[in-house]
$ cat protein_5.tsv   # TSV, C-alpha atoms
chain	number	residue	atom	x	y	z
S	1	MET	CA	-174.35	66.95	-150.94
S	2	SER	CA	-177.81	65.56	-151.65
S	3	ALA	CA	-178.80	64.23	-155.05
S	4	PRO	CA	-181.96	65.62	-156.61
S	5	LYS	CA	-184.79	63.62	-155.10
S	6	LYS	CA	-187.59	63.65	-157.61
S	7	GLU	CA	-185.65	63.02	-160.78
S	8	ARG	CA	-183.51	60.24	-159.36
S	9	ILE	CA	-186.25	58.41	-157.52
S	10	LEU	CA	-188.34	58.25	-160.69
S	11	VAL	CA	-185.60	56.03	-162.14
S	12	LEU	CA	-186.65	53.31	-159.67
S	13	ASP	CA	-189.96	52.86	-161.48
S	14	GLY	CA	-188.07	52.25	-164.69
S	15	LEU	CA	-185.78	49.76	-162.98
S	16	ARG	CA	-188.84	47.91	-161.70
S	17	GLY	CA	-189.96	47.80	-165.31
S	18	LEU	CA	-186.66	46.22	-166.33
S	19	ALA	CA	-186.92	43.69	-163.50
S	20	ILE	CA	-190.40	42.49	-164.43
S	21	LEU	CA	-189.52	42.34	-168.14
S	22	LEU	CA	-186.62	40.00	-167.34
S	23	VAL	CA	-188.90	37.77	-165.26
S	24	LEU	CA	-191.47	37.70	-168.09
S	25	LEU	CA	-188.80	36.65	-170.58
S	26	PHE	CA	-187.67	33.88	-168.24
S	27	HIS	CA	-191.19	32.49	-167.83
S	28	GLY	CA	-192.22	33.06	-171.44
S	29	TYR	CA	-189.23	31.59	-173.24
S	30	TYR	CA	-187.20	29.40	-170.92
S	31	ILE	CA	-188.38	27.67	-167.75
S	32	TRP	CA	-191.65	26.01	-168.88
S	33	PHE	CA	-190.23	24.29	-171.99
S	34	ASP	CA	-192.28	21.13	-171.33
S	35	TYR	CA	-195.39	23.22	-172.10
S	36	TYR	CA	-194.25	25.63	-174.82
S	37	PRO	CA	-195.03	24.65	-178.42
S	38	TYR	CA	-191.44	25.72	-179.20
S	39	LYS	CA	-189.97	23.55	-176.40
S	40	LYS	CA	-186.25	24.43	-175.87
S	41	LEU	CA	-185.88	26.59	-178.98
S	42	TYR	CA	-184.78	29.62	-176.91
S	43	ALA	CA	-183.12	27.72	-174.07
S	44	GLU	CA	-179.60	28.94	-174.90
S	45	ASN	CA	-180.53	32.62	-175.06
S	46	ILE	CA	-178.67	34.15	-172.09
S	47	LEU	CA	-181.14	37.02	-171.69
S	48	PHE	CA	-184.03	34.56	-171.27
S	49	LYS	CA	-182.19	31.82	-169.36
S	50	TYR	CA	-181.17	34.08	-166.47
S	51	GLY	CA	-184.17	36.39	-166.51
S	52	SER	CA	-185.25	35.11	-163.10
S	53	LEU	CA	-182.45	37.25	-161.65
S	54	GLY	CA	-184.74	40.21	-162.24
S	55	VAL	CA	-186.06	39.28	-158.79
S	56	GLN	CA	-182.68	40.24	-157.29
S	57	LEU	CA	-183.07	43.62	-158.97
S	58	PHE	CA	-186.48	43.92	-157.27
S	59	PHE	CA	-184.78	43.16	-153.93
S	60	LEU	CA	-182.15	45.86	-154.49
S	61	ILE	CA	-184.92	48.37	-155.24
S	62	SER	CA	-186.84	47.26	-152.14
S	63	GLY	CA	-183.83	47.77	-149.90
S	64	PHE	CA	-183.51	51.33	-151.22
S	65	VAL	CA	-187.22	52.14	-150.97
S	66	ILE	CA	-187.86	50.53	-147.60
S	67	LEU	CA	-185.09	52.44	-145.84
S	68	MET	CA	-186.49	55.63	-147.39
S	69	SER	CA	-189.95	54.59	-146.17
S	70	VAL	CA	-188.97	53.88	-142.55
S	71	GLU	CA	-187.12	57.19	-142.34
S	72	ARG	CA	-190.35	58.93	-143.29
S	73	THR	CA	-192.41	57.01	-140.71
S	74	ASP	CA	-192.43	57.59	-136.97
S	75	ARG	CA	-193.71	54.23	-135.68
S	76	PHE	CA	-193.12	50.55	-136.45
S	77	TRP	CA	-196.79	49.60	-136.61
S	78	LYS	CA	-197.55	52.55	-138.88
S	79	PHE	CA	-194.77	51.38	-141.20
S	80	LEU	CA	-196.19	47.83	-141.26
S	81	LYS	CA	-199.70	49.14	-141.85
S	82	ASN	CA	-198.53	51.23	-144.79
S	83	ARG	CA	-196.69	48.25	-146.27
S	84	TRP	CA	-199.72	46.00	-145.81
S	85	ILE	CA	-202.02	48.54	-147.48
S	86	ARG	CA	-199.53	48.74	-150.33
S	87	LEU	CA	-199.26	44.97	-150.86
S	88	PHE	CA	-202.53	43.38	-149.78
S	89	PRO	CA	-205.07	44.86	-152.25
S	90	SER	CA	-203.24	43.71	-155.38
S	91	MET	CA	-202.41	40.35	-153.81
S	92	LEU	CA	-206.07	39.70	-152.96
S	93	ILE	CA	-207.38	41.00	-156.30
S	94	CYS	CA	-204.83	39.12	-158.38
S	95	SER	CA	-205.23	35.92	-156.36
S	96	LEU	CA	-208.98	36.01	-156.99
S	97	ILE	CA	-208.41	36.70	-160.70
S	98	VAL	CA	-205.98	33.78	-160.96
S	99	TYR	CA	-208.31	31.44	-159.07
S	100	SER	CA	-211.49	32.46	-160.92
S	101	THR	CA	-209.89	32.22	-164.39
S	102	ALA	CA	-208.02	28.96	-163.76
S	103	HIS	CA	-210.62	26.79	-165.53
S	104	PHE	CA	-210.42	28.99	-168.63
S	105	PHE	CA	-206.61	28.86	-168.48
S	106	HIS	CA	-206.68	25.13	-167.80
S	107	GLU	CA	-203.32	24.69	-169.56
S	108	ARG	CA	-201.69	26.21	-166.47
S	109	PRO	CA	-198.51	24.33	-165.44
S	110	PHE	CA	-199.81	24.16	-161.86
S	111	GLY	CA	-203.23	22.86	-162.86
S	112	ILE	CA	-206.56	24.01	-161.42
S	113	PRO	CA	-205.95	25.37	-157.90
S	114	PRO	CA	-208.24	24.68	-154.94
S	115	LEU	CA	-209.66	27.65	-153.03
S	116	LYS	CA	-207.30	27.09	-150.09
S	117	SER	CA	-204.31	27.81	-152.35
S	118	ILE	CA	-205.19	31.52	-152.01
S	119	LEU	CA	-204.25	31.47	-148.30
S	120	PRO	CA	-200.42	31.69	-148.55
S	121	GLY	CA	-200.61	34.67	-150.88
S	122	ILE	CA	-203.03	36.78	-148.88
S	123	THR	CA	-201.20	36.02	-145.61
S	124	PHE	CA	-197.75	36.45	-147.21
S	125	ILE	CA	-196.57	33.26	-145.53
S	126	ASN	CA	-194.73	30.44	-147.31
S	127	ASN	CA	-196.78	27.39	-148.25
S	128	SER	CA	-194.25	25.16	-146.49
S	129	ILE	CA	-194.59	27.04	-143.19
S	130	LEU	CA	-198.40	27.00	-143.29
S	131	GLU	CA	-198.37	23.28	-144.13
S	132	LYS	CA	-196.26	22.56	-141.06
S	133	VAL	CA	-198.39	24.76	-138.81
S	134	PHE	CA	-201.77	23.41	-139.97
S	135	SER	CA	-200.65	19.89	-140.96
S	136	THR	CA	-202.40	20.15	-144.31
S	137	ASP	CA	-201.43	20.34	-147.95
S	138	LEU	CA	-201.51	23.84	-149.45
S	139	PRO	CA	-200.89	23.78	-153.22
S	140	VAL	CA	-199.09	26.73	-154.78
S	141	LEU	CA	-201.35	29.26	-156.52
S	142	GLU	CA	-198.45	31.03	-158.23
S	143	LEU	CA	-194.82	30.04	-157.71
S	144	SER	CA	-193.78	33.66	-158.24
S	145	PHE	CA	-195.31	34.59	-154.90
S	146	TRP	CA	-192.20	33.26	-153.14
S	147	SER	CA	-190.42	36.60	-153.49
S	148	LEU	CA	-193.26	38.42	-151.70
S	149	PHE	CA	-192.89	36.04	-148.77
S	150	VAL	CA	-189.19	36.96	-148.60
S	151	GLU	CA	-189.94	40.69	-148.89
S	152	VAL	CA	-192.47	40.65	-146.05
S	153	LYS	CA	-189.95	38.94	-143.75
S	154	PHE	CA	-187.52	41.70	-144.62
S	155	TYR	CA	-190.10	44.42	-143.85
S	156	ILE	CA	-190.87	42.97	-140.43
S	157	ILE	CA	-187.29	42.25	-139.34
S	158	PHE	CA	-185.72	45.41	-140.74
S	159	GLY	CA	-188.55	47.61	-139.46
S	160	ALA	CA	-188.41	46.11	-135.98
S	161	LEU	CA	-184.63	46.52	-135.72
S	162	TYR	CA	-184.79	50.06	-137.09
S	163	PHE	CA	-187.52	51.36	-134.78
S	164	TRP	CA	-186.51	49.45	-131.66
S	165	PHE	CA	-182.78	50.02	-132.00
S	166	SER	CA	-181.25	52.07	-134.83
S	167	ARG	CA	-180.56	52.22	-138.54
S	168	ASN	CA	-177.10	50.71	-138.12
S	169	VAL	CA	-178.46	47.80	-136.10
S	170	ALA	CA	-181.13	47.18	-138.75
S	171	LEU	CA	-178.57	47.19	-141.57
S	172	GLY	CA	-176.12	45.01	-139.66
S	173	GLY	CA	-178.89	42.68	-138.55
S	174	ILE	CA	-180.25	41.86	-142.00
S	175	PHE	CA	-176.73	41.46	-143.38
S	176	LEU	CA	-175.79	39.04	-140.58
S	177	ILE	CA	-178.99	37.09	-141.23
S	178	TYR	CA	-177.93	36.80	-144.87
S	179	LEU	CA	-174.45	35.62	-143.86
S	180	SER	CA	-175.95	32.97	-141.57
S	181	ALA	CA	-178.13	31.68	-144.43
S	182	LEU	CA	-175.13	31.70	-146.77
S	183	ALA	CA	-173.03	29.80	-144.23
S	184	LEU	CA	-175.76	27.17	-143.83
S	185	GLN	CA	-176.07	26.86	-147.60
S	186	LEU	CA	-172.32	26.32	-148.01
S	187	LEU	CA	-172.21	23.79	-145.16
S	188	CYS	CA	-175.06	21.84	-146.75
S	189	LEU	CA	-173.43	21.99	-150.18
S	190	GLY	CA	-170.22	20.65	-148.66
S	191	ASN	CA	-172.17	17.80	-147.01
S	192	ILE	CA	-171.00	19.02	-143.60
S	193	LEU	CA	-174.61	19.51	-142.54
S	194	HIS	CA	-177.71	17.62	-143.56
S	195	GLU	CA	-180.32	20.06	-144.88
S	196	THR	CA	-183.49	19.60	-142.83
S	197	SER	CA	-186.86	20.94	-143.96
S	198	TRP	CA	-186.66	23.85	-141.49
S	199	MET	CA	-183.11	24.62	-142.61
S	200	LYS	CA	-184.33	24.71	-146.19
S	201	ILE	CA	-187.04	27.20	-145.21
S	202	TYR	CA	-184.47	29.35	-143.35
S	203	ILE	CA	-182.05	29.42	-146.28
S	204	GLY	CA	-184.82	30.06	-148.81
S	205	SER	CA	-186.16	32.91	-146.68
S	206	PHE	CA	-182.91	34.72	-145.88
S	207	ILE	CA	-180.37	33.93	-148.62
S	208	HIS	CA	-181.57	37.04	-150.49
S	209	PHE	CA	-181.28	39.47	-147.54
S	210	GLY	CA	-177.88	40.65	-148.73
S	211	TRP	CA	-179.58	42.39	-151.66
S	212	PHE	CA	-181.87	44.30	-149.31
S	213	ALA	CA	-178.82	45.42	-147.34
S	214	ALA	CA	-177.07	46.52	-150.55
S	215	GLY	CA	-180.17	48.44	-151.64
S	216	ALA	CA	-180.42	50.20	-148.28
S	217	LEU	CA	-176.73	51.15	-148.38
S	218	THR	CA	-177.29	52.50	-151.89
S	219	TYR	CA	-179.96	54.79	-150.45
S	220	ILE	CA	-177.58	56.03	-147.75
S	221	TYR	CA	-174.73	56.69	-150.19
S	222	PHE	CA	-177.16	58.27	-152.65
S	223	TYR	CA	-177.93	61.04	-150.16
S	224	ASN	CA	-174.68	61.02	-148.19
S	225	ARG	CA	-171.65	60.61	-150.44
S	226	GLU	CA	-169.24	59.55	-147.69
S	227	LYS	CA	-166.61	57.10	-148.92
S	228	LYS	CA	-167.20	54.70	-146.02
S	229	TYR	CA	-170.72	53.99	-147.29
S	230	LEU	CA	-169.40	53.35	-150.78
S	231	TRP	CA	-166.94	50.76	-149.47
S	232	MET	CA	-169.67	49.18	-147.35
S	233	LEU	CA	-171.90	49.05	-150.42
S	234	ILE	CA	-169.22	47.38	-152.54
S	235	PHE	CA	-168.45	44.85	-149.80
S	236	THR	CA	-172.12	44.02	-149.26
S	237	THR	CA	-172.75	43.60	-152.99
S	238	VAL	CA	-169.77	41.26	-153.40
S	239	CYS	CA	-170.94	39.19	-150.43
S	240	SER	CA	-174.49	39.08	-151.82
S	241	LEU	CA	-173.19	37.64	-155.08
S	242	LEU	CA	-171.79	34.63	-153.23
S	243	TYR	CA	-175.18	32.98	-152.98
S	244	VAL	CA	-174.90	31.93	-156.65
S	245	ILE	CA	-172.02	29.58	-155.75
S	246	LYS	CA	-174.56	26.79	-155.32
S	247	PHE	CA	-175.44	26.98	-159.03
S	248	GLN	CA	-171.80	26.64	-160.17
S	249	ASP	CA	-172.60	28.79	-163.20
S	250	PRO	CA	-170.12	31.61	-164.00
S	251	VAL	CA	-172.46	33.07	-166.64
S	252	MET	CA	-175.14	33.51	-163.99
S	253	LEU	CA	-172.63	35.36	-161.82
S	254	VAL	CA	-171.70	37.69	-164.68
S	255	TYR	CA	-175.38	38.31	-165.46
S	256	LEU	CA	-176.03	39.25	-161.83
S	257	VAL	CA	-172.98	41.53	-161.71
S	258	VAL	CA	-174.26	43.32	-164.84
S	259	LEU	CA	-177.74	43.73	-163.31
S	260	SER	CA	-176.21	45.18	-160.13
S	261	LEU	CA	-174.14	47.62	-162.17
S	262	ILE	CA	-177.23	48.67	-164.14
S	263	PHE	CA	-178.98	49.46	-160.84
S	264	TYR	CA	-176.08	51.51	-159.50
S	265	CYS	CA	-175.33	53.31	-162.77
S	266	ALA	CA	-178.99	54.22	-163.30
S	267	LEU	CA	-179.04	55.91	-159.90
S	268	PHE	CA	-175.65	57.60	-159.93
S	269	TYR	CA	-175.19	58.50	-163.61
S	270	LYS	CA	-177.92	60.79	-164.86
S	271	SER	CA	-177.30	60.13	-168.56
S	272	PHE	CA	-177.58	56.36	-168.06
S	273	GLY	CA	-180.61	56.73	-165.81
S	274	ARG	CA	-182.49	58.46	-168.64
S	275	ILE	CA	-182.91	55.07	-170.29
S	276	PHE	CA	-185.13	53.97	-167.41
S	277	SER	CA	-186.90	57.31	-167.12
S	278	THR	CA	-188.67	56.81	-170.44
S	279	ARG	CA	-192.44	56.43	-170.49
S	280	PHE	CA	-192.20	52.77	-171.50
S	281	PHE	CA	-190.04	51.66	-168.58
S	282	LYS	CA	-191.93	53.82	-166.08
S	283	PHE	CA	-195.27	52.43	-167.28
S	284	ILE	CA	-194.09	48.83	-166.99
S	285	GLY	CA	-192.64	49.65	-163.59
S	286	PHE	CA	-195.91	51.17	-162.43
S	287	ILE	CA	-197.90	48.02	-163.27
S	288	SER	CA	-195.06	45.66	-162.26
S	289	TYR	CA	-196.60	44.44	-158.98
S	290	PRO	CA	-199.96	43.15	-160.33
S	291	LEU	CA	-198.18	42.05	-163.51
S	292	TYR	CA	-195.78	39.96	-161.44
S	293	LEU	CA	-198.62	38.43	-159.43
S	294	LEU	CA	-200.73	37.54	-162.47
S	295	HIS	CA	-198.31	36.51	-165.13
S	296	GLU	CA	-196.70	33.10	-164.70
S	297	ASN	CA	-199.38	30.43	-165.20
S	298	MET	CA	-201.57	32.73	-167.27
S	299	LEU	CA	-198.66	33.50	-169.59
S	300	VAL	CA	-197.92	29.85	-170.30
S	301	ALA	CA	-201.62	29.04	-170.79
S	302	LEU	CA	-202.05	31.94	-173.21
S	303	ILE	CA	-199.02	30.84	-175.22
S	304	ILE	CA	-200.56	27.38	-175.61
S	305	LYS	CA	-204.01	28.79	-176.48
S	306	LEU	CA	-202.67	31.22	-179.07
S	307	HIS	CA	-200.67	28.50	-180.75
S	308	HIS	CA	-203.69	26.17	-180.75
S	309	TYR	CA	-206.11	28.66	-182.31
S	310	PHE	CA	-203.66	30.70	-184.40
S	311	ASP	CA	-200.87	28.32	-185.30
S	312	GLY	CA	-199.54	30.73	-187.91
S	313	ILE	CA	-198.21	33.12	-185.28
S	314	PRO	CA	-194.40	32.93	-185.14
S	315	TYR	CA	-193.14	31.25	-181.99
S	316	PHE	CA	-191.18	34.30	-180.86
S	317	LEU	CA	-194.32	36.47	-180.85
S	318	LEU	CA	-196.44	34.11	-178.73
S	319	PRO	CA	-195.07	35.28	-175.35
S	320	LEU	CA	-195.06	38.92	-176.46
S	321	ILE	CA	-198.74	38.88	-177.44
S	322	SER	CA	-199.61	37.03	-174.22
S	323	CYS	CA	-197.71	39.60	-172.15
S	324	ILE	CA	-199.64	42.44	-173.79
S	325	PHE	CA	-202.91	40.84	-172.73
S	326	ILE	CA	-201.73	40.26	-169.15
S	327	GLY	CA	-200.24	43.75	-169.07
S	328	GLY	CA	-203.64	45.17	-169.94
S	329	LEU	CA	-205.21	43.26	-167.08
S	330	ALA	CA	-202.45	44.39	-164.71
S	331	SER	CA	-203.01	48.00	-165.83
S	332	LEU	CA	-206.67	47.80	-164.81
S	333	VAL	CA	-205.62	46.60	-161.38
S	334	ALA	CA	-202.80	49.15	-160.96
S	335	TYR	CA	-204.64	52.22	-162.24
S	336	PHE	CA	-208.20	51.64	-161.05
S	337	ILE	CA	-208.94	48.70	-158.74
S	338	GLU	CA	-205.92	48.82	-156.45
S	339	PRO	CA	-206.06	52.59	-155.69
S	340	ALA	CA	-209.78	52.40	-154.86
S	341	PHE	CA	-209.16	49.42	-152.56
S	342	GLN	CA	-206.23	51.15	-150.86
S	343	LYS	CA	-208.29	54.30	-150.33
S	344	LEU	CA	-211.02	52.23	-148.69
S	345	LEU	CA	-208.54	50.48	-146.39
S	346	LYS	CA	-207.02	53.81	-145.31
S	347	ARG	CA	-210.47	55.01	-144.26
S	348	ILE	CA	-211.18	51.86	-142.28
S	349	ILE	CA	-207.81	51.31	-140.61

$ encode --input "protein_5.tsv" --output "structure tokens"
Amino acid sequence: MSAPKKERILVLDGLRGLAILLVLLFHGYYIWFDYYPYKKLYAENILFKYGSLGVQLFFLISGFVILMSVERTDRFWKFLKNRWIRLFPSMLICSLIVYSTAHFFHERPFGIPPLKSILPGITFINNSILEKVFSTDLPVLELSFWSLFVEVKFYIIFGALYFWFSRNVALGGIFLIYLSALALQLLCLGNILHETSWMKIYIGSFIHFGWFAAGALTYIYFYNREKKYLWMLIFTTVCSLLYVIKFQDPVMLVYLVVLSLIFYCALFYKSFGRIFSTRFFKFIGFISYPLYLLHENMLVALIIKLHHYFDGIPYFLLPLISCIFIGGLASLVAYFIEPAFQKLLKRII
């Protein structure tokens, strides 16, 4: 029995909205306390402290959506082209916005970036890999870009395995890659292996692949309610949670379990999914990609500027006001600039 496509899939936009809101809270209230005027005032707020785990929610959504995408595409290179057209315009536009406004937002935690710092983003390749290949220093434009580098690796590997072999091979392949990264992480944590720079890149690239596998299995069970897929989904999710062992933080584990349950309940329980089908969540989800690319350094800089020029604004409101400004900028990209750019690329390629 198939679930209703349109209504259920719309929930994913709302879940993207939740994911980016969590990341914004993390960057606006917690991680950059050396720069905030309020320092560690909100450091013990659990919602803010673990907001970075919104990225794992993004990965779950990607696993779901990418399997759906490959099943609607007939060739590997067509799939990659479609993904590139989806990701590249906003990445280029937002990278140029970040670079060109850096002097105005000079309070940025990462300082004023050189032009070459745009390269990792627009190629979707980790700074560390490019530095090794070209033997040159490549400063980070936005630290948040790391998750895009992970996603693109997933697209390439999963797509290749799917089109050259089968869906089962693709699912098993990415899950085994995750297990290999997890095993390396545990061996390094136990001081059985010395973590080399290449090993660090491998673990950083693939330790999140379990979430993609869980998202893809969610898609399969969503449309094919066979019990075997449910058990596979549960097993994969439990295994994916193991990567947080390195942090030795039980609260983080609970937070991630709750986020996973929100994802599954929103998809499989219509009444719960209505929460994320509201206009607010769907709007935030729609602009989530450019918002994610733009927000981190600009958010911190805006918080500092607002406090400097309007020191009467309550601390708690500083990130909220800053996010509204960045959200407006992201809306321009998502609604107008990005679609026009994508339309142009589709004509050319």

$ atom_distance --input "protein_5.tsv" --atom1 "CA of Ile234 in chain S" --atom2 "CA of Arg72 in chain S"
25.8 Å

$ atom_distance --input "protein_5.tsv" --atom1 "CA of Leu267 in chain S" --atom2 "CA of Met91 in chain S"
28.7 Å

$ residues_around --input "protein_5.tsv" --residues "Thr236 in chain S" --least-positions-apart "4" --cutoff "7 Å" --atoms "all atoms listed in the file" --output "MDAnalysis selection string"
chainID S and resid 210 214 232 240

$ write_last_selection --input "protein_5.tsv" --atoms "C-alpha atoms" --output "PDB file, in the coordinates of the input"
ATOM      1  CA  GLY S 210    -177.880  40.650-148.730  1.00  0.00           C
ATOM      2  CA  ALA S 214    -177.070  46.520-150.550  1.00  0.00           C
ATOM      3  CA  MET S 232    -169.670  49.180-147.350  1.00  0.00           C
ATOM      4  CA  SER S 240    -174.490  39.080-151.820  1.00  0.00           C
TER       5      SER S 240
END

$ closest_residue --input "protein_5.tsv" --among "S:Tyr315, S:Tyr50, S:Trp77, S:Phe280" --to "Leu15 in chain S" --atoms "all atoms listed in the file"
S:Phe280

$ atom_distance --input "protein_5.tsv" --atom1 "CA of Arg167 in chain S" --atom2 "CA of Ser147 in chain S"
23.8 Å

$ closest_residue --input "protein_5.tsv" --among "S:Phe268, S:Trp164, S:Phe105, S:Tyr178" --to "Ile9 in chain S" --atoms "all atoms listed in the file"
S:Phe268

$ residues_around --input "protein_5.tsv" --residues "Gln185 in chain S" --least-positions-apart "6" --cutoff "12 Å" --atoms "only C-alpha atoms" --output "ChimeraX atom specification"
/S:178-179,191-196,199-208,242-247

$ closest_residue --input "protein_5.tsv" --among "S:Leu184, S:Leu53, S:Leu317, S:Ile177" --to "Leu302 in chain S" --atoms "all atoms listed in the file"
S:Leu317

$ residues_near_point --input "protein_5.tsv" --point "(-199.3, 45.6, -163.4)" --cutoff "6 Å" --atoms "only C-alpha atoms" --output "ChimeraX atom specification"
/S:287-291,330-331,334

$ residues_around --input "protein_5.tsv" --residues "Gly273 in chain S" --least-positions-apart "6" --cutoff "12 Å" --atoms "all atoms listed in the file" --output "VMD selection string"
chain S and resid 7 to 15 261 to 267 281 to 282

$ closest_residue --input "protein_5.tsv" --among "S:Val251, S:Lys40, S:Phe154, S:Thr136" --to "Ala216 in chain S" --atoms "all atoms listed in the file"
S:Phe154

$ residues_around --input "protein_5.tsv" --residues "Tyr155 in chain S" --least-positions-apart "3" --cutoff "12 Å" --atoms "only C-alpha atoms" --output "PyMOL selection string"
chain S and resi 59+62-63+65-67+69-70+76-77+79-84+87+124+148-152+158-163+170+174+209+212-213

$ residues_around --input "protein_5.tsv" --residues "range 307-309 of chain S" --least-positions-apart "2" --cutoff "12 Å" --atoms "all atoms listed in the file" --output "count of residues only"
22

$ closest_residue --input "protein_5.tsv" --among "S:Cys239, S:Lys343, S:Leu25, S:Ser271" --to "Ser180 in chain S" --atoms "all atoms listed in the file"
S:Cys239

$ closest_residue --input "protein_5.tsv" --among "S:Cys323, S:Ser197, S:Val254, S:Tyr229" --to "Lys132 in chain S" --atoms "only C-alpha atoms"
S:Ser197
